[in-house]
Structures are given as C-alpha cells and as structure tokens.
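Q: Provided below: upload-v6.cif, containing mmCIF, C-alpha atoms and all ligand atoms.
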```
data_protein
loop_
_atom_site.label_atom_id
_atom_site.label_comp_id
_atom_site.auth_asym_id
_atom_site.auth_seq_id
_atom_site.Cartn_x
_atom_site.Cartn_y
_atom_site.Cartn_z
CA MET G 228 113.83 51.56 37.37
CA LEU G 229 116.40 49.56 39.26
CA ASP G 230 115.02 46.90 41.51
CA LYS G 231 117.47 47.00 44.40
CA GLU G 232 117.84 47.42 48.09
CA ASP G 233 117.09 51.02 48.95
CA VAL G 234 120.42 51.64 50.70
CA LEU G 235 123.76 50.36 49.41
CA GLN G 236 127.10 50.77 51.16
CA ILE G 237 130.46 50.98 49.38
CA ARG G 238 133.77 50.90 51.29
CA VAL G 239 136.06 53.31 49.46
CA PRO G 240 139.70 52.69 50.47
CA ILE G 241 141.88 55.33 52.13
CA PRO G 242 145.34 54.28 50.88
CA GLY G 243 148.31 54.60 53.19
CA ARG G 244 146.39 54.03 56.38
CA ASP G 245 147.47 50.82 58.05
CA ARG G 246 145.27 51.14 61.11
CA GLY G 247 142.06 52.79 62.16
CA LEU G 248 140.18 54.59 59.45
CA ASN G 249 141.30 52.91 56.26
CA HIS G 250 137.92 53.25 54.51
CA THR G 251 135.23 55.82 53.96
CA LEU G 252 131.75 54.32 53.79
CA VAL G 253 129.77 55.97 51.03
CA TYR G 254 126.11 55.23 50.36
CA LEU G 255 123.66 55.05 47.52
CA VAL G 256 120.15 55.86 48.70
CA LYS G 257 117.01 55.69 46.64
CA SER G 258 115.03 58.91 46.74
CA LEU G 259 111.85 59.41 44.69
CA ASP G 260 112.78 57.88 41.31
CA ASN G 261 116.53 58.37 41.42
CA TRP G 262 119.56 57.88 43.68
CA ILE G 263 121.60 60.03 46.03
CA LEU G 264 125.30 59.34 46.59
CA ILE G 265 126.23 60.27 50.16
CA ASP G 266 129.95 61.22 50.36
CA THR G 267 132.57 60.27 47.79
CA GLY G 268 135.83 59.36 49.58
CA LEU G 269 139.45 60.50 49.53
CA GLY G 270 140.60 61.91 46.20
CA THR G 271 142.93 59.17 44.95
CA ASP G 272 142.99 57.28 41.62
CA GLU G 273 142.60 54.04 43.54
CA GLY G 274 139.50 55.32 45.34
CA TYR G 275 137.99 56.65 42.11
CA SER G 276 138.45 53.34 40.25
CA PHE G 277 137.06 51.42 43.19
CA LEU G 278 133.99 53.62 43.57
CA THR G 279 133.04 53.84 39.88
CA GLN G 280 133.66 50.10 39.41
CA SER G 281 131.56 49.25 42.49
CA ILE G 282 128.68 51.42 41.29
CA THR G 283 128.87 49.81 37.84
CA ASP G 284 129.05 46.29 39.35
CA LEU G 285 125.91 47.04 41.35
CA GLY G 286 124.12 47.56 38.03
CA PHE G 287 123.92 51.36 37.98
CA LYS G 288 124.56 53.69 35.11
CA PRO G 289 126.34 56.91 36.09
CA ASP G 290 123.28 59.05 35.40
CA ASP G 291 121.10 57.00 37.78
CA ILE G 292 122.75 59.22 40.40
CA LYS G 293 121.21 62.68 40.34
CA ASN G 294 122.59 64.16 43.56
CA ILE G 295 125.82 63.93 45.56
CA LEU G 296 125.34 64.88 49.19
CA ILE G 297 128.47 65.65 51.20
CA THR G 298 128.21 65.24 54.99
CA HIS G 299 131.17 67.60 55.54
CA GLY G 300 134.14 69.07 53.75
CA HIS G 301 136.95 66.83 55.03
CA PRO G 302 139.05 65.29 52.25
CA ASP G 303 138.12 61.69 53.08
CA HIS G 304 134.47 62.60 52.35
CA HIS G 305 134.66 65.28 49.71
CA GLY G 306 137.90 64.38 47.91
CA LEU G 307 136.38 62.54 44.94
CA SER G 308 133.38 64.86 44.56
CA GLU G 309 134.62 66.71 41.47
CA ARG G 310 135.44 63.50 39.60
CA MET G 311 132.14 61.93 40.62
CA ARG G 312 130.25 65.03 39.47
CA GLU G 313 131.89 64.66 36.07
CA TRP G 314 131.22 60.91 35.93
CA THR G 315 127.53 61.14 36.92
CA GLY G 316 126.48 64.62 35.85
CA ALA G 317 124.95 64.95 39.35
CA GLN G 318 124.81 68.10 41.47
CA ILE G 319 126.91 68.43 44.62
CA ALA G 320 125.09 69.58 47.75
CA MET G 321 126.70 70.43 51.08
CA HIS G 322 126.26 72.76 54.02
CA GLN G 323 127.16 76.35 53.21
CA LEU G 324 129.68 76.66 56.07
CA ASP G 325 131.84 73.73 54.94
CA ALA G 326 131.51 74.75 51.30
CA LYS G 327 133.23 78.00 52.26
CA SER G 328 135.60 77.14 55.05
CA GLU G 329 137.31 73.86 54.29
CA PHE G 330 139.69 74.93 51.56
CA ARG G 331 140.98 77.79 53.67
CA ARG G 332 141.25 75.60 56.73
CA ARG G 333 143.26 72.96 54.95
CA ASN G 334 145.65 75.34 53.33
CA ARG G 335 146.43 77.71 56.15
CA MET G 336 148.83 75.40 57.96
CA ASP G 337 151.73 77.54 56.80
CA VAL G 338 154.23 77.65 59.62
CA ASN G 339 155.72 80.91 58.39
CA ASP G 340 152.40 82.69 58.35
CA ASP G 341 152.37 85.26 61.20
CA THR G 342 148.78 84.65 62.27
CA PHE G 343 149.44 80.92 62.42
CA LYS G 344 152.59 81.47 64.46
CA ILE G 345 150.86 83.77 66.94
CA TRP G 346 147.96 81.36 67.32
CA ASN G 347 150.23 78.37 68.02
CA THR G 348 152.34 80.36 70.46
CA LEU G 349 149.19 81.46 72.28
CA TYR G 350 148.34 77.87 73.19
CA GLY G 351 151.87 76.82 74.10
CA ILE G 352 152.80 74.94 70.92
CA PRO G 353 156.63 75.26 70.62
CA ILE G 354 157.10 77.26 67.43
CA GLU G 355 160.81 76.41 66.86
CA LEU G 356 160.00 72.73 67.09
CA MET G 357 157.15 73.19 64.65
CA GLN G 358 159.38 74.97 62.12
CA LYS G 359 161.98 72.21 62.42
CA GLU G 360 159.35 69.52 61.91
CA GLN G 361 157.88 71.38 58.95
CA LYS G 362 161.29 71.45 57.26
CA ALA G 363 161.66 67.70 57.86
CA VAL G 364 158.26 67.08 56.27
CA GLU G 365 159.18 69.18 53.22
CA LYS G 366 162.52 67.43 52.83
CA HIS G 367 160.98 63.97 52.86
CA SER G 368 158.02 64.77 50.67
CA ASN G 369 158.65 64.42 46.96
CA GLU G 370 155.02 64.83 46.04
CA ASP G 371 153.47 68.19 45.37
CA TYR G 372 150.03 66.68 45.44
CA SER G 373 148.51 65.26 48.58
CA PRO G 374 144.89 64.06 48.60
CA TRP G 375 144.68 65.44 52.14
CA ARG G 376 145.35 68.98 50.92
CA SER G 377 143.56 68.99 47.58
CA PRO G 378 141.28 71.89 46.58
CA VAL G 379 137.64 71.71 47.48
CA PRO G 380 135.22 71.65 44.52
CA GLU G 381 132.46 74.23 44.28
CA SER G 382 129.13 73.07 45.55
CA ASP G 383 126.02 73.38 43.29
CA ILE G 384 123.50 73.43 46.12
CA LEU G 385 124.16 75.09 49.48
CA ILE G 386 122.32 73.50 52.40
CA LYS G 387 121.37 75.51 55.48
CA GLY G 388 120.44 72.46 57.53
CA ASN G 389 117.16 71.00 58.80
CA GLU G 390 115.44 70.99 55.42
CA GLU G 391 114.06 68.37 53.05
CA LEU G 392 116.55 67.21 50.46
CA PHE G 393 116.04 67.21 46.69
CA GLY G 394 112.25 67.48 46.91
CA ASP G 395 111.84 64.29 48.94
CA PRO G 396 109.87 65.09 52.13
CA THR G 397 111.02 61.87 53.82
CA ILE G 398 114.76 62.67 53.62
CA VAL G 399 116.02 65.66 55.62
CA SER G 400 119.35 67.22 56.52
CA ILE G 401 120.21 67.86 60.16
CA TRP G 402 122.89 70.46 60.80
CA THR G 403 125.29 68.94 63.35
CA PRO G 404 128.27 71.33 63.74
CA GLY G 405 131.22 70.37 65.93
CA HIS G 406 133.49 67.97 64.04
CA SER G 407 133.36 70.57 61.27
CA PRO G 408 131.37 73.84 61.18
CA GLY G 409 129.04 72.64 58.42
CA HIS G 410 128.68 68.95 59.23
CA ILE G 411 125.28 67.48 58.38
CA CYS G 412 123.61 64.15 59.05
CA VAL G 413 120.98 62.80 56.68
CA TYR G 414 117.82 61.50 58.33
CA ASP G 415 115.64 59.17 56.31
CA LYS G 416 112.36 59.21 58.24
CA LYS G 417 110.60 56.55 56.22
CA ARG G 418 113.36 53.94 56.51
CA LYS G 419 114.23 55.08 60.07
CA VAL G 420 117.92 55.36 59.26
CA LEU G 421 120.49 58.05 60.00
CA PHE G 422 123.51 58.66 57.78
CA SER G 423 125.71 60.06 60.50
CA GLY G 424 128.89 61.04 58.62
CA ASP G 425 131.64 61.51 61.21
CA HIS G 426 129.21 62.89 63.81
CA VAL G 427 128.39 59.56 65.46
CA LEU G 428 130.79 56.66 64.88
CA PRO G 429 130.42 53.20 66.43
CA ARG G 430 133.79 52.70 68.14
CA ILE G 431 135.69 55.99 68.16
CA THR G 432 134.84 59.61 68.89
CA PRO G 433 135.49 62.10 66.10
CA ASN G 434 138.18 64.70 66.48
CA ILE G 435 136.73 67.97 67.83
CA SER G 436 139.46 70.58 67.54
CA MET G 437 139.94 74.32 67.53
CA TYR G 438 141.82 75.82 64.59
CA PRO G 439 143.42 79.18 63.89
CA GLY G 440 140.70 81.69 63.14
CA ASP G 441 138.02 79.79 65.07
CA ASN G 442 136.32 81.97 67.59
CA HIS G 443 133.56 79.64 68.60
CA ASN G 444 133.17 76.72 70.95
CA PRO G 445 133.27 73.60 68.77
CA LEU G 446 132.89 71.10 71.60
CA GLY G 447 129.85 73.00 72.92
CA GLN G 448 128.39 72.89 69.42
CA TYR G 449 129.25 69.21 69.10
CA ILE G 450 127.56 68.21 72.36
CA ASP G 451 124.44 70.19 71.38
CA SER G 452 124.53 68.42 68.00
CA LEU G 453 124.65 65.03 69.74
CA THR G 454 121.54 66.03 71.68
CA GLN G 455 119.89 66.98 68.37
CA VAL G 456 120.11 63.44 67.00
CA GLU G 457 119.93 61.21 70.10
CA ASP G 458 116.12 60.97 70.28
CA LEU G 459 115.41 60.54 66.58
CA ASP G 460 113.29 57.55 65.62
CA VAL G 461 116.21 55.58 64.13
CA GLU G 462 116.67 51.83 63.83
CA THR G 463 119.94 51.73 61.90
CA VAL G 464 122.88 54.13 61.78
CA TYR G 465 125.05 54.30 58.67
CA PRO G 466 128.26 56.12 59.65
CA ALA G 467 131.07 57.18 57.32
CA HIS G 468 133.69 54.94 58.93
CA GLN G 469 133.93 51.55 60.64
CA GLY G 470 130.49 49.96 60.14
CA THR G 471 126.70 49.96 60.43
CA PHE G 472 125.30 49.93 63.96
CA THR G 473 122.09 50.08 66.00
CA GLY G 474 121.41 51.75 69.36
CA LEU G 475 121.95 55.40 68.48
CA LYS G 476 120.89 56.76 71.87
CA ASP G 477 123.17 54.37 73.79
CA ARG G 478 126.11 55.32 71.60
CA VAL G 479 125.47 59.05 72.09
CA VAL G 480 125.35 58.58 75.88
CA VAL G 481 128.76 56.84 75.77
CA MET G 482 130.25 59.58 73.57
CA LYS G 483 129.02 62.36 75.84
CA GLN G 484 130.46 60.53 78.84
CA HIS G 485 133.80 60.19 77.03
CA HIS G 486 134.06 63.99 76.76
CA GLU G 487 133.04 64.40 80.42
CA ASP G 488 135.82 61.99 81.43
CA ARG G 489 138.38 63.82 79.30
CA MET G 490 137.40 67.14 80.86
CA GLN G 491 137.73 65.64 84.34
CA GLU G 492 141.23 64.41 83.45
CA MET G 493 142.17 67.88 82.18
CA THR G 494 140.76 69.60 85.25
CA ASN G 495 142.84 67.28 87.45
CA ALA G 496 145.99 68.12 85.47
CA ILE G 497 145.33 71.84 85.95
CA LYS G 498 144.63 71.32 89.68
CA ASN G 499 147.96 69.55 90.07
CA SER G 500 149.91 72.49 88.64
CA SER G 501 150.88 75.47 90.77
CA ASP G 502 150.44 78.29 88.24
CA GLY G 503 148.09 76.86 85.63
CA LEU G 504 148.95 75.32 82.27
CA THR G 505 148.90 76.09 78.55
CA ALA G 506 146.81 73.83 76.27
CA TRP G 507 150.02 72.09 75.13
CA GLN G 508 150.98 71.42 78.77
CA VAL G 509 147.52 70.10 79.63
CA ALA G 510 147.70 67.77 76.61
CA SER G 511 151.13 66.52 77.73
CA ASN G 512 149.71 65.62 81.15
CA ILE G 513 146.78 63.46 80.09
CA HIS G 514 146.49 59.98 78.61
CA TRP G 515 146.50 59.39 74.83
CA ASN G 516 145.59 56.03 73.34
CA VAL G 517 148.11 56.40 70.52
CA GLY G 518 151.14 56.32 72.85
CA THR G 519 153.10 58.29 75.43
CA TRP G 520 153.60 62.02 74.90
CA GLU G 521 157.35 61.59 74.32
CA ASN G 522 156.78 58.97 71.63
CA ILE G 523 153.85 60.21 69.58
CA GLY G 524 155.66 62.67 67.32
CA PHE G 525 155.22 66.40 66.95
CA TRP G 526 152.20 66.55 64.60
CA THR G 527 150.21 64.08 66.68
CA ARG G 528 151.08 66.13 69.77
CA ARG G 529 149.91 69.25 68.00
CA MET G 530 146.64 67.54 67.06
CA ALA G 531 146.26 66.37 70.67
CA THR G 532 146.69 70.00 71.72
CA THR G 533 144.02 71.40 69.37
CA GLU G 534 141.66 68.68 70.63
CA THR G 535 142.52 69.48 74.25
CA LEU G 536 141.92 73.14 73.49
CA SER G 537 138.32 72.52 72.40
CA HIS G 538 137.69 70.91 75.80
CA LEU G 539 139.42 73.74 77.69
CA GLU G 540 137.42 76.39 75.82
CA TYR G 541 134.22 74.46 76.52
CA MET G 542 135.02 74.45 80.25
CA TYR G 543 135.98 78.11 80.14
CA ASN G 544 132.61 78.93 78.51
CA LYS G 545 130.86 76.99 81.31
CA ASN G 546 132.88 78.86 83.99
CA ILE G 547 134.46 75.60 85.16
CA ILE G 548 138.00 76.93 84.59
CA LYS G 549 139.54 80.38 84.17
CA LYS G 550 142.09 81.66 81.68
CA THR G 551 144.60 84.50 81.70
CA GLU G 552 147.06 85.74 79.12
CA HIS G 553 150.69 85.95 80.16
CA ASN G 554 153.68 86.58 77.84
CA SER G 555 151.51 86.01 74.73
CA GLN G 556 150.32 82.67 76.11
CA VAL G 557 146.93 81.61 77.41
CA ILE G 558 147.17 79.94 80.83
CA TYR G 559 144.26 77.83 82.06
CA GLN G 560 143.63 77.77 85.81
CA ILE G 561 140.99 76.49 88.21
ZN ZN Z 1 135.73 64.35 59.22
ZN ZN Z 2 136.02 61.05 58.08
#
```
With the file now loaded, output its structure as structure tokens.

A:
Amino acid sequence: MLDKEDVLQIRVPIPGRDRGLNHTLVYLVKSLDNWILIDTGLGTDEGYSFLTQSITDLGFKPDDIKNILITHGHPDHHGLSERMREWTGAQIAMHQLDAKSEFRRRNRMDVNDDTFKIWNTLYGIPIELMQKEQKAVEKHSNEDYSPWRSPVPESDILIKGNEELFGDPTIVSIWTPGHSPGHICVYDKKRKVLFSGDHVLPRITPNISMYPGDNHNPLGQYIDSLTQVEDLDVETVYPAHQGTFTGLKDRVVVMKQHHEDRMQEMTNAIKNSSDGLTAWQVASNIHWNVGTWENIGFWTRRMATTETLSHLEYMYNKNIIKKTEHNSQVIYQI
C-alpha cells in the first residue's frame, strides 16, 4: 500500500495555448485500497509523457490505478484516456450522455453539411463567410490529426449520475449537465472535497453553448446544476483548470450573477433594436473580453454566437423574450 496524500494533482500541459487554459488538472484519489485517476488531459505525445512520468515519479506503478473517471467528454479531459487505459489496465467510466454524444459533436462541424448550414443560417451566422474561413483553415493546416478532433474512446462503465463510484460509498458522482450534456462532478464526502471538472472554475465561467442538433436549454440545465452543488459540505474544490480553491458557495453565487449580467446586456441590445436581432447580431452588440467584434476573428465570433444563443434560449424559455422565424432566421424580440 502506498503511503501518500490521499489526493494528488498533476498539471498536464495543453500545448499551443499561450494564454488562459494551458493545463488540465488531473487527479489521483485514493479509494478503498486503490486509486482513481480523474481526467487524463489532451491527447498529445507531450501530455502522455508528462502524465505517465509524473505518476511514476510520485511512486506509483501503472496498475495501482484501477479506474479512470472522466468528468466530461471534451478533448482536454478525455483525450489521453485510451492511452492511459492501455498503460494502467484500468477501466474508463464516464456519464452515458457524453460517452455517446461527444464524438458526433466534435466531428459534425462540416461546413458543407446541409443540416449544419441550415442551423447556422437560422441564428444569423453568415454562411459565405464561414465557408471562406473554412477554406482558409484547410489551406493552412498541414496536419490531418488534431488532438481537438480526435476520436473518443469507448467507455467501460457508463455512469447515470448521483451514484456511488467503484463500490466506495464515500465517493459519489453528481450529474451536472450544462457545459456538456453528460458532465459530472465527483463528490468525496469523507474528505469534503469536490472535483468540479469544468463545472465550477475559480476565475472563469465555462462555455455554455448550443450546438446543431441540440434541442434543450443548456444554460437552464447549467444553472440548475450550479444549484445542485452549491450547498454541498465541501471545504476544498479541485477544478480541472486554473487551481485549487475554497468557498464553493461564494463562487457559485458570482457565476450565477455573471450569467444574469450577460442576459441583462443582451436584453438591452434587443431593446435598442427596432425589429429584433438574430443571435449573431446580439453577440455583435455586447462586450467580449477577448477583444472587439471586428477584431476577434470569425471562429471566435461564431463561438460567441453559440454562447449568446444559450442565453437567448434560456430567456425565451422563461418568457423574458420572444422569438419569431423570418426568412429562415430566428429573430429575438422583447
Ligand atoms: Zn470542457
Ligand atoms: Zn476543460
């Protein structure tokens, strides 16, 4: 038996990111008489060497790890899972919704796909501009393989959420959809810690977007999921990016307020227009930390639009704003 701290944090690098999220924080947690690895990191050779070397340096043998728990299916969390399964012989467990949806989600960004085109047009995203930008991306990309679009490995154990994990009654999963449909947090009741994945981060709010094929209300789900964790008896939060923090409830209050403020800004933009606005137009009329609308580049603008859209659909579901369809476009109005 290893005589170690019960929770160990490893900062797996995300190469190519010069600012913001340049690491994924993965964790080793002692459970019964073995160890769980929570998340694996982006699927790069550099990340794999770093993670396996770090685990070895900490004094572990690969087969000390019996389970790999994935908080959600995004590539910066799940990318190394297949290689880590091979290295450890452990089983991969994740929520059933992300196990199914993430591969499709990541690979359906095909600009020439009709459904994708219709969906983008519906929310005001200029399709000709998108096709032009897509061609530019293809021309400048010599690599066929991108760790951000790699296939998702099969999961051995499908989690439904809100259940004890791997036979340990003190460690439970909490289903927290919003940032992704099958996001889970891991609550360790005995140690009073929450492994929050991307659900609650200390200094930024996770991206809550709507994607083609989504017919739900991700921001509504996300806010309900924040409520699910805010009153847990937690002393320390271990998120998947940035760093460890305390004061879970205070952080959740700030994050909820952030979304309220964004919705107020969007409502004001709609009020200031005469005939209502598309999601793209609303996004172009509000403030973005990354720069002015003219300067942030097409793909960032598109991402800003899908994030705006989740707020607009939330407000529509709450009867705060109305929407109509006109010339194959959805127009949001007060
Ligand atoms: Zn994520
Ligand atoms: Zn992430």

Q: Measure the distance from CA of Ser407 (chain G) to CA of His301 (chain G) in Å and round it to one decimal.

A: 8.1 Å

Q: Distance limit 10 Å, reference ligand ZN 2 (chain Z), atoms considered: all atoms listed in the file. Which residues make the cut? Give them as number ranges by chain.

A: G: 248-252, 266, 268-269, 298-305, 406, 424-426, 428, 433-434, 466-468

Q: Residues at most 8 Å from Asp233 (chain G), counting all atoms listed in the file, excluding those fewer than 3 positions away in the same chain, as a PyMOL selection string?

A: chain G and resi 255-257

Q: Go ahead and find all residues with at least one atom no further than 12 Å from (143.2, 54.6, 43.2) in the file's coordinates, using all atoms listed in the file; report them as a PDB file with C-alpha atoms, in the coordinates of the input.

A:
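What landed in result.pdb:
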```pdb
ATOM      1  CA  VAL G 239     136.060  53.310  49.460  1.00  0.00           C
ATOM      2  CA  PRO G 240     139.700  52.690  50.470  1.00  0.00           C
ATOM      3  CA  ILE G 241     141.880  55.330  52.130  1.00  0.00           C
ATOM      4  CA  PRO G 242     145.340  54.280  50.880  1.00  0.00           C
ATOM      5  CA  GLY G 243     148.310  54.600  53.190  1.00  0.00           C
ATOM      6  CA  GLY G 268     135.830  59.360  49.580  1.00  0.00           C
ATOM      7  CA  LEU G 269     139.450  60.500  49.530  1.00  0.00           C
ATOM      8  CA  GLY G 270     140.600  61.910  46.200  1.00  0.00           C
ATOM      9  CA  THR G 271     142.930  59.170  44.950  1.00  0.00           C
ATOM     10  CA  ASP G 272     142.990  57.280  41.620  1.00  0.00           C
ATOM     11  CA  GLU G 273     142.600  54.040  43.540  1.00  0.00           C
ATOM     12  CA  GLY G 274     139.500  55.320  45.340  1.00  0.00           C
ATOM     13  CA  TYR G 275     137.990  56.650  42.110  1.00  0.00           C
ATOM     14  CA  SER G 276     138.450  53.340  40.250  1.00  0.00           C
ATOM     15  CA  PHE G 277     137.060  51.420  43.190  1.00  0.00           C
ATOM     16  CA  LEU G 278     133.990  53.620  43.570  1.00  0.00           C
ATOM     17  CA  THR G 279     133.040  53.840  39.880  1.00  0.00           C
ATOM     18  CA  GLN G 280     133.660  50.100  39.410  1.00  0.00           C
ATOM     19  CA  LEU G 307     136.380  62.540  44.940  1.00  0.00           C
ATOM     20  CA  PRO G 374     144.890  64.060  48.600  1.00  0.00           C
TER      21      PRO G 374
END
```

Q: Up to 10 Å from (144.1, 68.9, 68.1) in the file's coordinates: name the residues, counting only C-alpha atoms, as a PyMOL selection string.

A: chain G and resi 434-438+506-507+510+526-537

Q: If you keep C-alpha atoms, can you produce a file of those selected residues as a compact mmCIF listing (two decimals), in the coordinates of the input?

A:
```
# COMPACT_ATOMS: atom_id res chain seq x y z
CA ASN G 434 138.18 64.70 66.48
CA ILE G 435 136.73 67.97 67.83
CA SER G 436 139.46 70.58 67.54
CA MET G 437 139.94 74.32 67.53
CA TYR G 438 141.82 75.82 64.59
CA ALA G 506 146.81 73.83 76.27
CA TRP G 507 150.02 72.09 75.13
CA ALA G 510 147.70 67.77 76.61
CA TRP G 526 152.20 66.55 64.60
CA THR G 527 150.21 64.08 66.68
CA ARG G 528 151.08 66.13 69.77
CA ARG G 529 149.91 69.25 68.00
CA MET G 530 146.64 67.54 67.06
CA ALA G 531 146.26 66.37 70.67
CA THR G 532 146.69 70.00 71.72
CA THR G 533 144.02 71.40 69.37
CA GLU G 534 141.66 68.68 70.63
CA THR G 535 142.52 69.48 74.25
CA LEU G 536 141.92 73.14 73.49
CA SER G 537 138.32 72.52 72.40
```

Q: So, counting all atoms listed in the file, which residue among G:Asp488, G:Leu285, G:Trp346, G:Ser501 is closest to Ile513 (chain G)?

A: G:Asp488

Q: Using all atoms listed in the file, determine which residues lie at most 9 Å from Thr494 (chain G), disregarding the query and same-chain residues fewer than 5 positions distant; provide the list as a ChimeraX atom specification.

A: /G:489,499,509,539,547-548,560-561

Q: Could you turn the residues from that selection into a file that holds C-alpha atoms, as a PDB file, in the coordinates of the input?

A:
```pdb
ATOM      1  CA  ARG G 489     138.380  63.820  79.300  1.00  0.00           C
ATOM      2  CA  ASN G 499     147.960  69.550  90.070  1.00  0.00           C
ATOM      3  CA  VAL G 509     147.520  70.100  79.630  1.00  0.00           C
ATOM      4  CA  LEU G 539     139.420  73.740  77.690  1.00  0.00           C
ATOM      5  CA  ILE G 547     134.460  75.600  85.160  1.00  0.00           C
ATOM      6  CA  ILE G 548     138.000  76.930  84.590  1.00  0.00           C
ATOM      7  CA  GLN G 560     143.630  77.770  85.810  1.00  0.00           C
ATOM      8  CA  ILE G 561     140.990  76.490  88.210  1.00  0.00           C
TER       9      ILE G 561
END
```

Q: Please, what distance in Å, to one decimal, runs between CA of Ile319 (chain G) and CA of Glu390 (chain G)?

A: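 That distance, rounded to one decimal, is 16.0 Å.
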
Q: Name the closest residue to ligand ZN 1 (chain Z) among the candidates G:His410, G:Arg418, G:His322, G:Arg478; distances are taken between atoms, counting only C-alpha atoms and all ligand atoms.

A: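 For ligand ZN 1 (chain Z), the nearest of the given residues is G:His410.
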
Q: Which distance in Å separates CA of Val464 (chain G) and CA of Val420 (chain G), to one decimal?

A: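 CA of Val464 (chain G) sits 5.7 Å away from CA of Val420 (chain G).
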
Q: Select, from G:Tyr465, G:Leu349, G:Asn516, G:Gly474, the residue with the minimum atom-to-atom distance to Ile558 (chain G), counting only C-alpha atoms.

A: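 Closest candidate: G:Leu349.
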
Q: Taking all atoms listed in the file into account, name the residue in G:Glu521, G:Glu552, G:Asp325, G:Glu391 that is nearest to ligand ZN 1 (chain Z).

A: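 The shortest atom-to-atom distance to ligand ZN 1 (chain Z) comes from G:Asp325.
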
Q: Rank G:Val427, G:Ala363, G:Val234, G:Ile292 by their smallest atom-to-atom distance to ligand ZN 1 (chain Z), using all atoms listed in the file, and report the top residue only.

A: G:Val427

Q: From the set G:Leu235, G:Met311, G:Ile411, G:Val456, which residue has the shortest atom-to-atom contact distance to ligand ZN 1 (chain Z), counting all atoms listed in the file?

A: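 Using all atoms listed in the file, ligand ZN 1 (chain Z) sits closest to G:Ile411.
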